[in-house]
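Here the structure comes first, spelled out in structure tokens, and everything after it is commentary.
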Amino acid sequence: MNLWRMILDRLYRGNRPYAGARGRIVGAGMALFLLATVLTGCAATARHESWPGLLVADDTIYAANLERVQAFNAETGKLLWSFPEELKKGQGPYYSTPLLAEDYGGYGLLLVAGYNDKTVYALPLGESPAERPDNPVWTFAQAAGQYVGSGVVADGKFIIGNGDGYVYALDLDDGALVWKFPTRDRVWATPVVVEDTVYIASLDHHLYAIDIATGVEQWNVQTSGAIAATPVHIDGALWVGDFSSTLYQVDLETHQVAWTFTANDWLWATPIADETNLYFADVGGHIYALDTETHEMLWDTPTKIDDVVRSRPALNADGTRLYVAAYKKGTIHALDTATGMEKKNWTTVERGRLPGDLVADEMRLYTMPILVDKRIQVFELATGEFAWSYPAIESGK
Amino acid sequence: MWDVVIVRPILNLLLLLYKYLGSETIIAVTLVTLVLRILVTPLMLKQQQAARKQQELRPKIMEIQKKYKDDPQKLMEEQRKLGLNPLGGCLPSLIQLPLMIGLYQAIIRALASTPLQLLELPKDIYRWIPSFSSLIPLKSQFLWLDLALPDRLFILPILVVITSWFYQKLITPPALDAQAEAMNKQMMLMMPLMMGFFSLTYASGLAIYFLITNLIGILQYYMFRQHYTYPTPETTDKRPVPQKQPRASAKS
């Protein structure tokens, strides 16, 4: 306090000599103050958020929501349970979407992987969806990095990539490490299983094919940029985009890149496919529709949304509408899949940001906006009408 | 505007250096710091000259202060005639500040410790320079450091405190009275501690910036020593500042 008082005192007495020394001290003081303000401001805006994910199984939603995994009734939005009930220091937030292993743990295991706590949890589901899992059947905390992508279940194993650059295969019965496979950078993508091979992309500019039983690399493909999107399997080929804006068709028989397409911006969102068409978006807001057999674009020009797109789009049941989430504005755009024309758009409640993947079932679209109070928001697919949110909107608002 | 003018040029310069200097982030950060420091050097030298001139003019200033002690307007006028600029001392610090914040933001964006931070990066990359996007994510590991996170071993913050203190000691002009001396002493303690605190709290890339800046500053001091040398304190007034007399009560 004394120092600041002296600085102010000196500044106030502007007609005193030694302006150079005084100016230097005042300048340094002001610089420190501004620097502290700006840096503190930067830290404050960098609230530890994530892109949360959810899955819909039967009539239940399982959502990784900030520091908790929660189950909801999909019809009404009623919260069924939260795990854990009491938060431990360093837990969450979750980037990784929960995964259901239905054939394990009696009534199924819910597999979730934490970002900060670097731990995989296997939560035993009960006979009733409302039954809260008391304790995990097992946990796995040997990875050194954060989990961003989700995992897959294959051959009695849970396979997931980690920020430490390894892909881990865990025994679904007890969580024991079966094998781990090294890459040269973080693994943020979710693996894909085709027959006895798991394919996983890494930020090290490679797509790896790994034998599920042994964890041994079978082959790999090098890409121009880092891959954070999850590959999509269509008819003997994997389709994946990278940060160099290139979409690759990787032939699983020849182990070669069969075809490429250059988009306008980074390809981070995981594409979505119907039988033969692939819909994908770049972070610059361009949305593309590709016939994967002919390699022809279905629309004359990509549809452009004036926003960042990171989340995987969703398709309605008959494949006539494509739903795309605009990240910053929190808007959902419903496009005609035949023409790419926008048919409808609506904004989420409280205009939260939408980095997480969109999920659709027969009737509804499920979103998880961030930086808002209403963390789960559900809309009618056909009309865009708001169905429910968690927490619920108070009556009268 | 801030992003376009300050952050993006620094960030893309960082990427350019990263691309052509062996994909080492630490080298890129060091060189960007060096470039920024060289850019502000003429200003700093000019400021040092101004401070020196003020020291030299001190007897004259004292004289006019005495002469016009009852006419502040005239006093300021006379001081202005001597070419004194009360804000002259602030400028280098204030000009460095946006660059420092810009570099910090560029480092944070380029290194992006979380996926959400990385999502903010594509818009800042110049697309007319080919293959910049392929460089992402930048290598953030250097020895024990993750440049996007604070140094958990406290080595960098300690180095920042030591070099800040030494640099402050070199460039602080001689105190002209007891009050200024006390203030100098406090600043010499406060500045390094604040820098150390920032280094402890924010990305170690920022601490690298502080450290390199201090080292370059020290080097510059020895290279341009004549700009930093002040008149000998023979002319300076070391008398204690008179204590404030208690104000006479209105009732008395």
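Residue names in the structure tokens use chain letters A, B, ... in the order shown, residue numbers from 1 in each chain, and ligand numbers from 1 in the order shown.
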
Exercise for the section: Do a neighbour search on stretch 99-106 of chain B at 9 Å with only C-alpha atoms, toss out local chain neighbours closer than 4 positions, and write the hits as an NGL selection string. Expected result: (:A and (35 or 38-39 or 42)) or (:B and (2-3 or 6-12 or 14 or 29 or 32-33 or 36 or 95 or 110-111 or 203 or 205-206 or 209-210))

Let's have the selection written as a compact mmCIF listing (two decimals), in the first residue's frame, with N, CA and C atoms.
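Result file follows (part.txt):
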```txt
# COMPACT_ATOMS: atom_id res chain seq x y z
N LEU A 35 -0.86 -5.44 -16.73
CA LEU A 35 -0.49 -6.81 -17.04
C LEU A 35 -1.23 -7.78 -16.13
N VAL A 38 -4.90 -7.88 -17.21
CA VAL A 38 -5.14 -8.61 -18.46
C VAL A 38 -4.91 -10.11 -18.26
N LEU A 39 -3.80 -10.45 -17.59
CA LEU A 39 -3.51 -11.87 -17.42
C LEU A 39 -4.56 -12.53 -16.54
N CYS A 42 -7.49 -13.05 -18.62
CA CYS A 42 -7.33 -14.21 -19.52
C CYS A 42 -7.65 -15.48 -18.76
N TRP B 2 -7.51 -5.82 -31.92
CA TRP B 2 -6.36 -6.22 -31.11
C TRP B 2 -5.72 -7.47 -31.70
N ASP B 3 -6.58 -8.45 -32.02
CA ASP B 3 -6.07 -9.71 -32.59
C ASP B 3 -5.37 -9.47 -33.92
N ILE B 6 -2.07 -7.01 -33.27
CA ILE B 6 -1.01 -7.45 -32.34
C ILE B 6 -0.83 -8.98 -32.32
N VAL B 7 -1.90 -9.70 -31.98
CA VAL B 7 -1.74 -11.13 -31.67
C VAL B 7 -1.41 -11.95 -32.92
N ARG B 8 -2.17 -11.75 -34.00
CA ARG B 8 -1.96 -12.59 -35.19
C ARG B 8 -0.58 -12.44 -35.82
N PRO B 9 -0.07 -11.20 -35.99
CA PRO B 9 1.28 -11.09 -36.54
C PRO B 9 2.31 -11.82 -35.67
N ILE B 10 2.19 -11.67 -34.34
CA ILE B 10 3.15 -12.33 -33.45
C ILE B 10 3.00 -13.85 -33.56
N LEU B 11 1.75 -14.29 -33.56
CA LEU B 11 1.50 -15.74 -33.62
C LEU B 11 2.04 -16.35 -34.91
N ASN B 12 1.82 -15.66 -36.03
CA ASN B 12 2.28 -16.21 -37.30
C ASN B 12 3.80 -16.11 -37.46
N LEU B 14 5.71 -16.50 -34.92
CA LEU B 14 6.08 -17.66 -34.09
C LEU B 14 6.01 -18.95 -34.94
N VAL B 29 9.97 -19.04 -29.63
CA VAL B 29 9.58 -18.05 -28.61
C VAL B 29 10.76 -17.12 -28.31
N VAL B 32 11.23 -14.71 -31.27
CA VAL B 32 10.17 -13.69 -31.33
C VAL B 32 10.41 -12.64 -30.25
N THR B 33 10.79 -13.10 -29.08
CA THR B 33 11.10 -12.16 -27.99
C THR B 33 12.23 -11.22 -28.39
N LEU B 36 10.95 -8.68 -30.85
CA LEU B 36 10.14 -7.65 -30.20
C LEU B 36 11.02 -6.69 -29.39
N ILE B 95 4.60 0.88 -23.94
CA ILE B 95 4.69 0.36 -25.31
C ILE B 95 5.03 -1.14 -25.28
N ALA B 110 -1.12 -20.58 -29.62
CA ALA B 110 -0.36 -21.50 -30.46
C ALA B 110 -0.14 -22.84 -29.76
N LEU B 111 0.08 -22.79 -28.45
CA LEU B 111 0.36 -24.04 -27.73
C LEU B 111 -0.90 -24.74 -27.27
N ALA B 203 1.48 -19.56 -18.18
CA ALA B 203 2.25 -20.48 -19.03
C ALA B 203 3.75 -20.20 -18.95
N GLY B 205 5.78 -20.39 -21.17
CA GLY B 205 6.20 -19.63 -22.35
C GLY B 205 6.34 -18.15 -22.01
N LEU B 206 5.46 -17.65 -21.12
CA LEU B 206 5.54 -16.25 -20.69
C LEU B 206 6.79 -16.04 -19.84
N TYR B 209 9.61 -15.66 -21.97
CA TYR B 209 9.64 -14.30 -22.51
C TYR B 209 10.28 -13.33 -21.50
N PHE B 210 9.85 -13.41 -20.23
CA PHE B 210 10.42 -12.53 -19.19
C PHE B 210 11.93 -12.73 -19.09
```

Handout entry: Interatomic distance, atom CA of A:Val309 to atom CA of A:Asn65 (Å, one decimal)
Key = 20.5 Å

Practice task
For stretch 144-160 of chain B, work out the shell of residues within 7 Å, counting only C-alpha atoms and skipping chain neighbours fewer than 3 positions away, then give it as a PyMOL selection string.
Solution key: chain B and resi 108+111-113+140-141+163-164+195-196+199-205+207+210-211

Exercise for the section: Enumerate the residues of stretch 122-370 of chain A with a DSSP assignment of strand (DSSP E or B), computed from the backbone, and present them as a PyMOL selection string. Expected result: chain A and resi 122-124+138-140+152-154+157-161+166-171+177-182+192-194+197-202+206-211+217-222+232-234+237-241+246-251+256-262+272-273+277-281+286-291+296-297+303-304+314-315+321-326+331-336+342-347+353+359-360+364-367+370

Write the selection just made, keeping C-alpha atoms, as an mmCIF file, in the first residue's frame?
```
data_model
loop_
_atom_site.group_PDB
_atom_site.id
_atom_site.type_symbol
_atom_site.label_atom_id
_atom_site.label_comp_id
_atom_site.auth_asym_id
_atom_site.auth_seq_id
_atom_site.Cartn_x
_atom_site.Cartn_y
_atom_site.Cartn_z
ATOM 1 C CA ALA A 122 -16.477 -48.590 -15.256
ATOM 2 C CA LEU A 123 -19.844 -47.882 -13.658
ATOM 3 C CA PRO A 124 -22.193 -50.853 -13.162
ATOM 4 C CA TRP A 138 -12.994 -50.932 -11.673
ATOM 5 C CA THR A 139 -10.968 -47.858 -12.464
ATOM 6 C CA PHE A 140 -7.840 -47.426 -14.550
ATOM 7 C CA VAL A 152 -14.692 -48.609 -28.198
ATOM 8 C CA VAL A 153 -15.567 -52.059 -26.937
ATOM 9 C CA ALA A 154 -14.211 -55.067 -28.856
ATOM 10 C CA LYS A 157 -11.570 -54.976 -24.195
ATOM 11 C CA PHE A 158 -12.176 -51.289 -23.776
ATOM 12 C CA ILE A 159 -9.826 -49.461 -26.151
ATOM 13 C CA ILE A 160 -9.186 -45.744 -25.755
ATOM 14 C CA GLY A 161 -6.534 -43.187 -26.734
ATOM 15 C CA TYR A 166 -0.703 -44.155 -25.960
ATOM 16 C CA VAL A 167 -3.697 -46.234 -26.952
ATOM 17 C CA TYR A 168 -4.802 -48.413 -24.020
ATOM 18 C CA ALA A 169 -6.667 -51.729 -24.184
ATOM 19 C CA LEU A 170 -8.254 -52.655 -20.849
ATOM 20 C CA ASP A 171 -9.871 -55.908 -19.828
ATOM 21 C CA LEU A 177 -4.116 -53.327 -18.893
ATOM 22 C CA VAL A 178 -3.987 -55.835 -21.757
ATOM 23 C CA TRP A 179 -1.745 -53.851 -24.052
ATOM 24 C CA LYS A 180 -0.792 -50.289 -24.864
ATOM 25 C CA PHE A 181 0.307 -48.884 -28.181
ATOM 26 C CA PRO A 182 2.529 -45.782 -28.531
ATOM 27 C CA VAL A 192 -12.992 -47.457 -34.825
ATOM 28 C CA VAL A 193 -13.216 -51.247 -34.947
ATOM 29 C CA VAL A 194 -13.526 -53.171 -38.213
ATOM 30 C CA THR A 197 -8.502 -54.446 -36.205
ATOM 31 C CA VAL A 198 -8.837 -51.205 -34.310
ATOM 32 C CA TYR A 199 -8.068 -48.012 -36.223
ATOM 33 C CA ILE A 200 -7.037 -44.918 -34.364
ATOM 34 C CA ALA A 201 -5.890 -41.494 -35.477
ATOM 35 C CA SER A 202 -3.335 -39.414 -33.613
ATOM 36 C CA HIS A 206 -0.881 -40.848 -38.591
ATOM 37 C CA LEU A 207 -3.783 -43.254 -38.793
ATOM 38 C CA TYR A 208 -2.815 -46.572 -37.217
ATOM 39 C CA ALA A 209 -4.235 -50.050 -37.762
ATOM 40 C CA ILE A 210 -3.679 -52.171 -34.626
ATOM 41 C CA ASP A 211 -4.427 -55.816 -34.011
ATOM 42 C CA GLU A 217 0.655 -52.334 -35.371
ATOM 43 C CA GLN A 218 -0.419 -53.784 -38.701
ATOM 44 C CA TRP A 219 0.123 -50.726 -40.842
ATOM 45 C CA ASN A 220 -0.227 -46.969 -40.786
ATOM 46 C CA VAL A 221 -0.962 -44.091 -43.105
ATOM 47 C CA GLN A 222 0.693 -40.707 -42.816
ATOM 48 C CA VAL A 232 -15.881 -43.174 -40.374
ATOM 49 C CA HIS A 233 -16.081 -46.652 -41.903
ATOM 50 C CA ILE A 234 -17.975 -47.014 -45.173
ATOM 51 C CA ALA A 237 -12.666 -47.672 -46.475
ATOM 52 C CA LEU A 238 -12.075 -45.227 -43.659
ATOM 53 C CA TRP A 239 -12.884 -41.549 -44.165
ATOM 54 C CA VAL A 240 -11.116 -39.041 -41.975
ATOM 55 C CA GLY A 241 -10.169 -35.354 -42.094
ATOM 56 C CA THR A 246 -7.654 -32.691 -46.217
ATOM 57 C CA LEU A 247 -10.252 -35.443 -46.253
ATOM 58 C CA TYR A 248 -8.759 -38.909 -46.837
ATOM 59 C CA GLN A 249 -10.288 -42.103 -48.113
ATOM 60 C CA VAL A 250 -8.082 -44.885 -46.779
ATOM 61 C CA ASP A 251 -8.572 -48.265 -48.419
ATOM 62 C CA GLN A 256 -3.206 -46.784 -49.004
ATOM 63 C CA VAL A 257 -4.846 -43.410 -49.363
ATOM 64 C CA ALA A 258 -7.247 -43.975 -52.244
ATOM 65 C CA TRP A 259 -8.573 -40.455 -52.667
ATOM 66 C CA THR A 260 -8.309 -37.016 -51.062
ATOM 67 C CA PHE A 261 -10.340 -33.850 -51.014
ATOM 68 C CA THR A 262 -9.188 -30.418 -49.863
ATOM 69 C CA ILE A 272 -21.590 -38.563 -40.465
ATOM 70 C CA ALA A 273 -22.672 -40.985 -43.174
ATOM 71 C CA ASN A 277 -23.085 -40.278 -48.653
ATOM 72 C CA LEU A 278 -20.692 -38.575 -46.300
ATOM 73 C CA TYR A 279 -21.566 -35.265 -44.671
ATOM 74 C CA PHE A 280 -18.741 -33.318 -43.104
ATOM 75 C CA ALA A 281 -17.982 -29.792 -41.923
ATOM 76 C CA HIS A 286 -18.404 -24.999 -44.661
ATOM 77 C CA ILE A 287 -20.595 -28.075 -44.883
ATOM 78 C CA TYR A 288 -20.020 -30.645 -47.608
ATOM 79 C CA ALA A 289 -21.961 -33.630 -48.916
ATOM 80 C CA LEU A 290 -20.021 -36.268 -50.808
ATOM 81 C CA ASP A 291 -21.087 -39.342 -52.711
ATOM 82 C CA GLU A 296 -18.888 -36.298 -56.540
ATOM 83 C CA MET A 297 -20.154 -33.495 -54.376
ATOM 84 C CA THR A 303 -23.273 -24.643 -47.505
ATOM 85 C CA LYS A 304 -21.680 -21.906 -45.416
ATOM 86 C CA ALA A 314 -26.648 -35.464 -36.962
ATOM 87 C CA LEU A 315 -29.083 -36.924 -39.484
ATOM 88 C CA ARG A 321 -32.289 -33.450 -42.830
ATOM 89 C CA LEU A 322 -28.772 -32.734 -41.655
ATOM 90 C CA TYR A 323 -28.395 -30.901 -38.345
ATOM 91 C CA VAL A 324 -25.262 -28.820 -37.867
ATOM 92 C CA ALA A 325 -24.244 -26.979 -34.681
ATOM 93 C CA ALA A 326 -22.715 -23.507 -34.919
ATOM 94 C CA THR A 331 -27.401 -22.228 -33.271
ATOM 95 C CA ILE A 332 -28.686 -25.437 -34.835
ATOM 96 C CA HIS A 333 -29.020 -25.376 -38.634
ATOM 97 C CA ALA A 334 -31.301 -27.922 -40.308
ATOM 98 C CA LEU A 335 -30.239 -28.482 -43.934
ATOM 99 C CA ASP A 336 -31.954 -30.345 -46.744
ATOM 100 C CA GLU A 342 -31.167 -24.394 -44.965
ATOM 101 C CA LYS A 343 -34.711 -25.277 -43.990
ATOM 102 C CA LYS A 344 -34.748 -24.067 -40.435
ATOM 103 C CA ASN A 345 -32.485 -22.808 -37.699
ATOM 104 C CA TRP A 346 -32.893 -22.153 -34.027
ATOM 105 C CA THR A 347 -30.770 -21.073 -31.118
ATOM 106 C CA ARG A 353 -21.590 -22.650 -27.240
ATOM 107 C CA VAL A 359 -27.076 -36.774 -31.074
ATOM 108 C CA ALA A 360 -30.412 -37.561 -32.710
ATOM 109 C CA ARG A 364 -35.410 -35.564 -30.887
ATOM 110 C CA LEU A 365 -32.095 -33.769 -31.104
ATOM 111 C CA TYR A 366 -29.916 -33.784 -27.970
ATOM 112 C CA THR A 367 -27.387 -31.011 -27.377
ATOM 113 C CA ILE A 370 -21.315 -25.076 -22.597
#
```

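For the pair atom CA of A:Gly105 and atom CA of A:Leu55, the interatomic distance is 18.5 Å.
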
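The smallest atom-to-atom distance between A:Met363 and any of A:Val148, A:Leu110, A:Ala74, A:Ala130, using only C-alpha atoms, is found for A:Ala74.
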
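Each of A:Glu380, A:Glu85, A:Asp265, A:Asp300 was checked against chain B using only C-alpha atoms; the smallest atom-to-atom distance is that of A:Asp265.
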